[in-house]
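Data from input_37.cif: mmCIF, C-alpha atoms
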```
data_protein
#
loop_
_atom_site.label_atom_id
_atom_site.label_comp_id
_atom_site.auth_asym_id
_atom_site.auth_seq_id
_atom_site.Cartn_x
_atom_site.Cartn_y
_atom_site.Cartn_z
CA MET A 1 -6.09 -94.66 36.23
CA THR A 2 -8.97 -94.18 33.86
CA ASP A 3 -11.97 -96.42 34.20
CA PRO A 4 -11.94 -98.88 31.24
CA ALA A 5 -15.68 -98.43 30.81
CA GLU A 6 -15.32 -94.68 30.60
CA ALA A 7 -12.55 -94.97 28.03
CA LEU A 8 -14.69 -97.28 25.94
CA ALA A 9 -17.63 -94.89 26.13
CA GLN A 10 -15.42 -92.01 24.95
CA GLN A 11 -14.13 -94.03 22.00
CA VAL A 12 -17.67 -94.97 21.02
CA THR A 13 -18.82 -91.35 21.28
CA GLU A 14 -15.94 -90.07 19.15
CA ARG A 15 -16.68 -92.72 16.53
CA VAL A 16 -20.37 -91.83 16.47
CA VAL A 17 -19.69 -88.11 16.14
CA ASP A 18 -17.16 -88.84 13.39
CA LEU A 19 -19.70 -90.92 11.47
CA LEU A 20 -22.41 -88.29 12.05
CA VAL A 21 -20.26 -85.43 10.78
CA ASN A 22 -19.22 -87.40 7.70
CA ALA A 23 -22.84 -88.18 6.99
CA LEU A 24 -23.95 -84.50 7.26
CA ASP A 25 -23.98 -82.22 4.18
CA LEU A 26 -22.85 -78.99 5.82
CA ASN A 27 -23.61 -76.90 2.74
CA GLU A 28 -27.17 -78.11 2.68
CA LEU A 29 -27.43 -77.49 6.40
CA ALA A 30 -26.09 -73.96 6.02
CA GLY A 31 -28.52 -73.36 3.19
CA ARG A 32 -31.40 -74.21 5.48
CA ILE A 33 -30.41 -71.67 8.10
CA ASP A 34 -32.35 -68.36 7.93
CA LEU A 35 -29.43 -65.98 8.44
CA ASN A 36 -31.66 -62.87 8.40
CA ALA A 37 -33.77 -64.25 11.21
CA LEU A 38 -30.63 -65.25 13.06
CA LEU A 39 -29.06 -61.82 12.65
CA GLY A 40 -32.32 -60.16 13.60
CA ARG A 41 -32.13 -61.91 16.94
CA ALA A 42 -28.54 -60.88 17.57
CA ASP A 43 -27.86 -57.88 19.81
CA PHE A 44 -25.00 -56.26 17.93
CA ASP A 45 -24.96 -53.22 20.18
CA ALA A 46 -24.18 -55.42 23.13
CA VAL A 47 -21.46 -57.15 21.12
CA LEU A 48 -19.93 -53.86 19.98
CA GLU A 49 -19.99 -52.49 23.50
CA GLN A 50 -17.68 -55.31 24.50
CA VAL A 51 -15.23 -54.54 21.70
CA ASP A 52 -12.32 -52.22 22.54
CA VAL A 53 -12.31 -50.26 19.28
CA ASP A 54 -9.24 -48.22 20.21
CA ALA A 55 -7.21 -51.35 20.85
CA LEU A 56 -8.51 -52.79 17.60
CA LEU A 57 -7.53 -49.69 15.62
CA GLU A 58 -4.08 -49.60 17.20
CA GLN A 59 -3.40 -52.95 15.62
CA VAL A 60 -4.35 -51.73 12.18
CA ASP A 61 -1.48 -50.59 9.93
CA VAL A 62 -3.24 -47.68 8.27
CA ASP A 63 -0.34 -46.97 5.90
CA ALA A 64 -0.37 -50.53 4.62
CA LEU A 65 -4.12 -50.34 4.29
CA LEU A 66 -3.94 -47.10 2.32
CA ASP A 67 -1.18 -48.51 0.10
CA ARG A 68 -3.65 -51.12 -1.05
CA VAL A 69 -6.27 -48.51 -1.92
CA ASP A 70 -6.39 -47.23 -5.48
CA VAL A 71 -7.21 -43.61 -4.65
CA ASP A 72 -7.55 -42.59 -8.29
CA ALA A 73 -10.12 -45.28 -8.91
CA LEU A 74 -11.88 -44.27 -5.73
CA LEU A 75 -11.99 -40.63 -6.72
CA ASP A 76 -13.20 -41.51 -10.20
CA ARG A 77 -16.27 -43.00 -8.60
CA VAL A 78 -16.97 -39.83 -6.56
CA ASP A 79 -19.44 -37.37 -8.04
CA VAL A 80 -17.83 -34.15 -6.77
CA ASN A 81 -20.74 -31.97 -7.88
CA THR A 82 -23.20 -34.02 -5.85
CA LEU A 83 -20.79 -33.94 -2.93
CA LEU A 84 -20.39 -30.18 -3.11
CA ALA A 85 -24.13 -29.68 -3.46
CA ARG A 86 -24.49 -31.27 -0.04
CA VAL A 87 -21.86 -28.97 1.54
CA ASP A 88 -23.13 -25.92 3.41
CA VAL A 89 -20.38 -23.51 2.37
CA ASN A 90 -21.54 -20.76 4.71
CA THR A 91 -21.27 -23.04 7.71
CA LEU A 92 -17.90 -24.25 6.49
CA LEU A 93 -16.57 -20.72 6.05
CA ALA A 94 -17.92 -19.70 9.45
CA ARG A 95 -15.65 -22.33 10.97
CA VAL A 96 -12.56 -21.10 9.10
CA ASP A 97 -10.26 -18.77 11.04
CA VAL A 98 -9.08 -16.53 8.20
CA LYS A 99 -6.69 -14.44 10.31
CA PRO A 100 -3.86 -17.04 10.58
CA VAL A 101 -4.13 -17.57 6.83
CA LEU A 102 -3.90 -13.84 6.15
CA ASP A 103 -1.02 -13.50 8.63
CA ARG A 104 0.98 -15.83 6.42
CA VAL A 105 0.32 -13.73 3.31
CA ASP A 106 2.85 -10.99 2.54
CA VAL A 107 0.36 -8.37 1.41
CA ASN A 108 3.07 -5.83 0.58
CA ASP A 109 4.77 -8.31 -1.70
CA LEU A 110 1.41 -9.15 -3.25
CA VAL A 111 0.57 -5.50 -3.89
CA GLY A 112 4.08 -4.91 -5.24
CA GLN A 113 3.37 -7.44 -7.97
CA ILE A 114 0.36 -5.51 -9.23
CA ASP A 115 0.88 -3.48 -12.37
CA MET A 116 -1.09 -0.44 -11.24
CA ASP A 117 -0.82 1.27 -14.61
CA ALA A 118 -2.36 -1.70 -16.40
CA LEU A 119 -4.95 -2.10 -13.66
CA VAL A 120 -6.10 1.50 -13.92
CA GLU A 121 -6.14 1.41 -17.70
CA LYS A 122 -8.03 -1.86 -18.05
CA THR A 123 -10.53 -1.83 -15.20
CA ASP A 124 -13.30 0.36 -13.83
CA LEU A 125 -10.86 1.39 -11.10
CA GLY A 126 -9.64 4.06 -13.48
CA ALA A 127 -13.11 5.58 -13.73
CA VAL A 128 -13.44 5.46 -9.94
CA ILE A 129 -10.12 7.25 -9.48
CA ALA A 130 -10.99 9.77 -12.16
CA ARG A 131 -14.33 10.53 -10.51
CA SER A 132 -13.00 10.60 -6.94
CA SER A 133 -9.77 12.49 -7.45
CA GLY A 134 -10.46 14.32 -10.66
CA GLY A 135 -11.60 17.86 -10.89
CA MET A 136 -10.12 20.94 -12.37
CA THR A 137 -8.04 21.79 -9.31
CA THR A 138 -6.28 18.44 -9.21
CA GLU A 139 -5.67 18.47 -12.94
CA MET A 140 -4.35 22.01 -12.78
CA LEU A 141 -2.06 21.23 -9.85
CA ASP A 142 -0.71 18.13 -11.57
CA ALA A 143 -0.06 20.16 -14.69
CA ILE A 144 1.68 23.05 -12.88
CA ARG A 145 3.85 20.73 -10.81
CA SER A 146 4.76 18.60 -13.80
CA GLN A 147 5.71 21.62 -15.86
CA ALA A 148 7.78 22.98 -12.96
CA VAL A 149 9.61 19.69 -12.52
CA GLY A 150 10.26 19.53 -16.25
CA LEU A 151 11.70 23.04 -16.26
CA ASP A 152 13.74 22.28 -13.14
CA GLN A 153 15.38 19.35 -14.84
CA TRP A 154 15.90 21.23 -18.09
CA ILE A 155 17.64 24.13 -16.30
CA ASP A 156 19.63 21.66 -14.20
CA ARG A 157 20.97 19.96 -17.31
CA TRP A 158 22.02 23.30 -18.85
CA VAL A 159 23.69 24.52 -15.66
CA ARG A 160 25.72 21.33 -15.44
CA ARG A 161 26.82 21.76 -19.03
CA MET A 162 27.79 25.36 -18.40
CA ILE A 163 29.86 24.63 -15.32
CA ARG A 164 31.20 21.48 -16.99
CA SER A 165 30.23 19.25 -14.14
CA ARG A 166 31.03 15.66 -15.03
CA LYS A 167 30.53 14.02 -11.65
CA PRO A 168 26.95 12.85 -11.02
CA TRP A 169 25.14 14.97 -8.46
CA PRO A 170 23.20 13.28 -5.66
CA ALA A 171 19.56 12.96 -6.66
CA ALA A 172 18.09 13.04 -3.16
CA PRO A 173 19.07 13.23 0.52
CA PRO A 174 20.30 9.89 1.92
CA ALA A 175 17.20 9.23 4.02
CA LEU A 176 14.92 9.73 1.03
CA LEU A 177 16.98 7.62 -1.34
CA ALA A 178 15.99 4.50 0.59
CA ALA A 179 12.40 5.57 1.34
CA PRO A 180 9.47 3.88 -0.42
CA GLY A 181 8.27 6.05 -3.25
CA GLY A 182 11.69 7.67 -3.37
CA PRO A 183 14.06 7.36 -6.28
CA MET B 1 10.46 14.86 -20.38
CA GLN B 2 9.48 11.20 -19.96
CA GLN B 3 6.73 10.01 -17.65
CA GLY B 4 9.04 7.54 -15.95
CA ALA B 5 11.45 10.27 -14.91
CA LEU B 6 8.63 12.28 -13.36
CA VAL B 7 7.08 9.36 -11.56
CA SER B 8 10.35 8.54 -9.86
CA CYS B 9 11.32 12.08 -8.82
CA GLN B 10 9.56 12.12 -5.46
CA GLY B 11 12.16 12.83 -2.77
CA HIS B 12 14.64 14.37 -5.22
CA TYR B 13 16.17 17.77 -4.59
CA ALA B 14 13.77 20.41 -5.92
CA GLY B 15 15.00 22.66 -8.69
CA SER B 16 15.03 26.42 -9.17
CA VAL B 17 11.75 26.85 -11.06
CA SER B 18 9.64 24.99 -8.52
CA ARG B 19 11.25 26.83 -5.62
CA PHE B 20 11.07 30.26 -7.24
CA THR B 21 7.44 29.74 -8.25
CA ALA B 22 6.55 28.62 -4.74
CA TYR B 23 8.27 31.69 -3.28
CA ALA B 24 6.51 34.00 -5.75
CA ILE B 25 3.15 32.53 -4.68
CA ASP B 26 4.07 32.91 -1.00
CA LEU B 27 5.18 36.49 -1.57
CA ALA B 28 1.91 37.31 -3.34
CA VAL B 29 -0.12 35.65 -0.58
CA THR B 30 1.74 37.36 2.27
CA THR B 31 1.66 40.74 0.55
CA ALA B 32 -2.05 40.42 -0.19
CA ALA B 33 -2.75 39.32 3.38
CA PHE B 34 -0.62 42.16 4.75
CA SER B 35 -2.39 44.71 2.57
CA LEU B 36 -5.74 43.33 3.67
CA GLY B 37 -4.59 43.56 7.28
CA LEU B 38 -3.54 47.18 6.84
CA ALA B 39 -6.83 47.98 5.15
CA ALA B 40 -8.71 46.35 8.00
CA VAL B 41 -6.74 48.32 10.59
CA SER B 42 -7.34 51.54 8.64
CA TYR B 43 -11.08 50.82 8.52
CA ILE B 44 -11.24 50.09 12.25
CA VAL B 45 -9.29 53.26 13.09
CA HIS B 46 -11.59 55.23 10.81
CA VAL B 47 -14.70 53.81 12.48
CA VAL B 48 -13.44 54.15 16.05
CA VAL B 49 -11.44 57.40 15.95
CA GLY B 50 -12.86 59.00 12.85
CA HIS B 51 -9.51 59.75 11.24
CA ASP B 52 -8.22 58.34 7.97
CA VAL B 53 -4.92 56.46 8.26
CA SER B 54 -2.68 56.05 5.23
CA TRP B 55 0.12 53.49 5.23
CA ASN B 56 3.32 54.23 3.40
CA ARG B 57 5.39 51.19 2.46
CA SER B 58 8.57 53.20 2.80
CA ASN B 59 7.68 53.91 6.39
CA ILE B 60 10.18 52.08 8.60
CA VAL B 61 7.49 50.90 10.99
CA VAL B 62 5.43 49.40 8.20
CA ALA B 63 8.56 47.80 6.74
CA ILE B 64 9.45 46.26 10.11
CA ILE B 65 5.91 44.98 10.62
CA PHE B 66 5.96 43.52 7.10
CA ALA B 67 9.31 41.83 7.77
CA GLY B 68 7.94 40.44 11.04
CA TRP B 69 4.85 39.18 9.27
CA GLN B 70 7.00 37.47 6.64
CA PHE B 71 9.16 35.89 9.34
CA LEU B 72 6.04 34.71 11.15
CA TYR B 73 4.54 33.26 7.97
CA PHE B 74 7.65 31.42 6.76
CA GLY B 75 8.93 30.49 10.22
CA TYR B 76 5.61 29.05 11.38
CA SER B 77 5.01 27.19 8.11
CA TRP B 78 8.47 25.61 8.03
CA ALA B 79 8.47 24.83 11.75
CA VAL B 80 5.06 23.18 11.74
CA SER B 81 4.90 21.35 8.42
CA GLY B 82 8.10 22.09 6.53
CA ARG B 83 6.16 23.79 3.76
CA THR B 84 4.47 27.07 3.02
CA PHE B 85 1.28 27.53 1.02
CA GLY B 86 3.24 28.09 -2.17
CA MET B 87 5.45 25.08 -1.53
CA ALA B 88 2.37 22.93 -0.92
CA LEU B 89 0.93 24.03 -4.25
CA LEU B 90 4.16 23.20 -6.05
CA GLY B 91 4.57 19.92 -4.16
CA ILE B 92 7.88 20.69 -2.48
CA ARG B 93 8.91 20.71 1.16
CA VAL B 94 11.84 21.59 3.39
CA VAL B 95 13.65 18.71 5.07
CA ARG B 96 16.88 18.35 6.99
CA ALA B 97 20.01 17.98 4.89
CA ASP B 98 19.92 14.21 5.41
CA GLY B 99 16.30 14.00 4.25
CA THR B 100 14.64 13.53 7.65
CA VAL B 101 11.81 15.73 8.91
CA LEU B 102 12.77 19.32 9.68
CA SER B 103 12.59 20.14 13.39
CA PRO B 104 10.68 23.28 14.49
CA LYS B 105 13.95 24.85 15.67
CA LYS B 106 15.55 24.37 12.26
CA GLY B 107 12.41 25.74 10.64
CA VAL B 108 12.61 28.93 12.67
CA LEU B 109 16.37 29.18 12.08
CA ARG B 110 15.80 28.85 8.33
CA ALA B 111 13.28 31.70 8.45
CA LEU B 112 15.77 33.82 10.43
CA VAL B 113 18.64 33.36 7.97
CA PHE B 114 16.44 33.38 4.87
CA PRO B 115 17.01 37.16 4.27
CA LEU B 116 20.76 36.53 4.07
CA SER B 117 20.30 34.89 0.69
CA PHE B 118 18.94 38.19 -0.67
CA LEU B 119 22.17 39.97 0.19
CA LEU B 120 24.68 40.71 -2.58
CA CYS B 121 22.02 40.81 -5.25
CA GLY B 122 20.61 37.43 -4.29
CA LEU B 123 23.87 35.54 -4.71
CA GLY B 124 22.82 33.33 -1.81
CA PHE B 125 20.23 31.74 -4.08
CA LEU B 126 22.87 30.78 -6.63
CA GLY B 127 23.40 27.57 -4.69
CA ILE B 128 20.01 26.35 -5.89
CA LEU B 129 21.45 26.29 -9.40
CA VAL B 130 25.08 25.29 -8.94
CA GLN B 131 25.32 23.52 -5.59
CA HIS B 132 25.28 19.73 -5.86
CA GLU B 133 22.32 19.43 -3.52
CA HIS B 134 20.55 22.54 -4.82
CA ARG B 135 20.93 24.21 -1.42
CA ALA B 136 20.85 27.98 -1.11
CA LEU B 137 22.85 29.95 1.48
CA HIS B 138 20.05 29.80 4.05
CA ASP B 139 19.79 26.04 3.48
CA LEU B 140 23.50 25.59 4.14
CA ILE B 141 23.32 27.65 7.33
CA ALA B 142 20.13 26.00 8.64
CA GLY B 143 21.16 22.50 7.56
CA SER B 144 18.11 22.10 5.37
CA ALA B 145 17.26 21.07 1.82
CA VAL B 146 14.19 21.29 -0.39
CA VAL B 147 12.77 18.19 -2.06
CA TYR B 148 9.82 17.24 -4.21
CA SER B 149 7.14 15.80 -1.99
CA TRP B 150 4.14 15.58 -4.28
CA ASP B 151 2.90 12.17 -5.17
CA ALA B 152 3.86 12.03 -8.81
CA ARG B 153 2.83 8.38 -8.83
CA ALA B 154 -0.75 9.30 -7.90
CA ALA B 155 -0.71 12.03 -10.52
CA ARG B 156 0.36 9.47 -13.09
CA LEU B 157 -2.53 7.18 -12.08
CA ARG B 158 -4.97 10.08 -12.25
CA PHE B 159 -3.67 10.87 -15.72
CA LEU B 160 -4.12 7.25 -16.84
CA ALA B 161 -7.58 7.15 -15.27
CA ARG B 162 -8.65 10.23 -17.18
CA GLN B 163 -7.23 8.77 -20.38
CA ALA B 164 -9.07 5.49 -19.78
CA GLU B 165 -12.33 7.32 -19.17
CA LEU B 166 -11.90 9.43 -22.28
CA THR B 167 -11.19 6.38 -24.47
CA ALA B 168 -14.11 4.42 -23.02
CA PRO B 169 -16.99 3.64 -25.42
CA GLY B 170 -19.19 6.68 -25.85
CA SER B 171 -16.43 9.10 -24.99
CA PRO B 172 -14.41 11.16 -27.43
CA SER B 173 -10.99 9.61 -27.92
CA ALA B 174 -8.09 11.24 -26.15
CA GLY B 175 -5.07 12.69 -27.80
CA PRO B 176 -1.55 11.34 -27.37
CA GLU B 177 -0.05 11.16 -23.87
CA PRO B 178 1.69 14.46 -23.09
CA ASP B 179 5.31 14.68 -22.06
CA THR B 180 4.49 15.57 -18.49
CA VAL B 181 2.00 14.35 -15.96
CA GLY B 182 -1.22 16.23 -16.06
#
```

As structure tokens, the full file:
Amino acid sequence: MTDPAEALAQQVTERVVDLLVNALDLNELAGRIDLNALLGRADFDAVLEQVDVDALLEQVDVDALLDRVDVDALLDRVDVNTLLARVDVNTLLARVDVKPVLDRVDVNDLVGQIDMDALVEKTDLGAVIARSSGGMTTEMLDAIRSQAVGLDQWIDRWVRRMIRSRKPWPAAPPALLAAPGGP
Amino acid sequence: MQQGALVSCQGHYAGSVSRFTAYAIDLAVTTAAFSLGLAAVSYIVHVVVGHDVSWNRSNIVVAIIFAGWQFLYFGYSWAVSGRTFGMALLGIRVVRADGTVLSPKKGVLRALVFPLSFLLCGLGFLGILVQHEHRALHDLIAGSAVVYSWDARAARLRFLARQAELTAPGSPSAGPEPDTVG
């Protein structure tokens, strides 16, 4: 059983607190509080040390959070030039392992797509080749071989006409037909 | 002849002109070397013994030595690299009939049977003209073939490079592209 006097005292207290709270202007009271001074006295490091950040982050639905972010608007506000000016590209590149990237590149396929004729004709590479591999000997050899091949093919055509050969003759041995640089 | 046809002819069976020209060069080289060798021997004999020695080509010993020298020259060249000096100049090489690299044994065999093609007024060489794979008698016996091995593609690029350099500002303009690489 509760003491009747104690019950009365509790009722009186509740009534007084109720009247006191109704009489207080909380906004005015809040306005009188110096939040900066209050925050300056708070030890946030100690508070944060008690927070389990991992557990907190596990509860966050990052996808939902990102869905609410307007990335375009965010990017519009980013000054990329300023950002890049602050990036030490040399340090960044030093951390990049280029080998796995290059391993994924089919260099042969890449080179195969180059129009060497156009490249030689339109760039300084032509001058480099001309200087490095030129010379009277090379030119003379190219000329002699080319003339010989031309005469070979001319005679070949005439012989085939003379012997009335209609079936196509094999151009090269089987192993060379499939070789790179072969026909 | 069109440039495209030339550029793509690497690995094709070599024709009669290339092969004959290569052989003519080899013959000139071996004969010159042999003559130089004989002259050197004559000089040494003259210095050591004091007698003059004259070599007669119709002499059977000289003919045999010359044939041996020819066999050594062609056999060694074909066995080691599949090409003689003349063939290297003309950009042709000897390969097996299937196009793979000629083995040293086949190279020596080819040099051994090579004289057979000269028999019957050189009828053995007729195969270079009329045989489908341009193989002479000694090729058929040794299981070999002769193909173009020079890099016509590189020659084409060299040609274009020279043209580009000639047409560059400050250079006299080049004439039209010739029919053949060079």

| task | Run through the PyMOL selection byres ((chain B) within 7 of (chain A)) on the given coordinates and return the selected residues as a ChimeraX atom specification. | result | /B:1,8-13,15-18,89-91,97-100,129-130,132-133,155,157-158,160-162,164-165,180-182

| said: the PyMOL selection byres ((chain B and resi 76) around 12) - which residues does that actually catch in the file I just gave you? List them as a count of residues only. | reply: 27

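Between CA of Ile92 in chain B and CA of Leu126 in chain B there is a distance of 18.5 Å.
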
| Distance of CA of Ala88 in chain B from CA of Ala39 in chain B, expressed in Å to one decimal place | 27.4 Å

| message | Quick check, in Å to one decimal: how far apart do CA of Thr30 in chain B and CA of Gly86 in chain B lie? | response | 10.4 Å
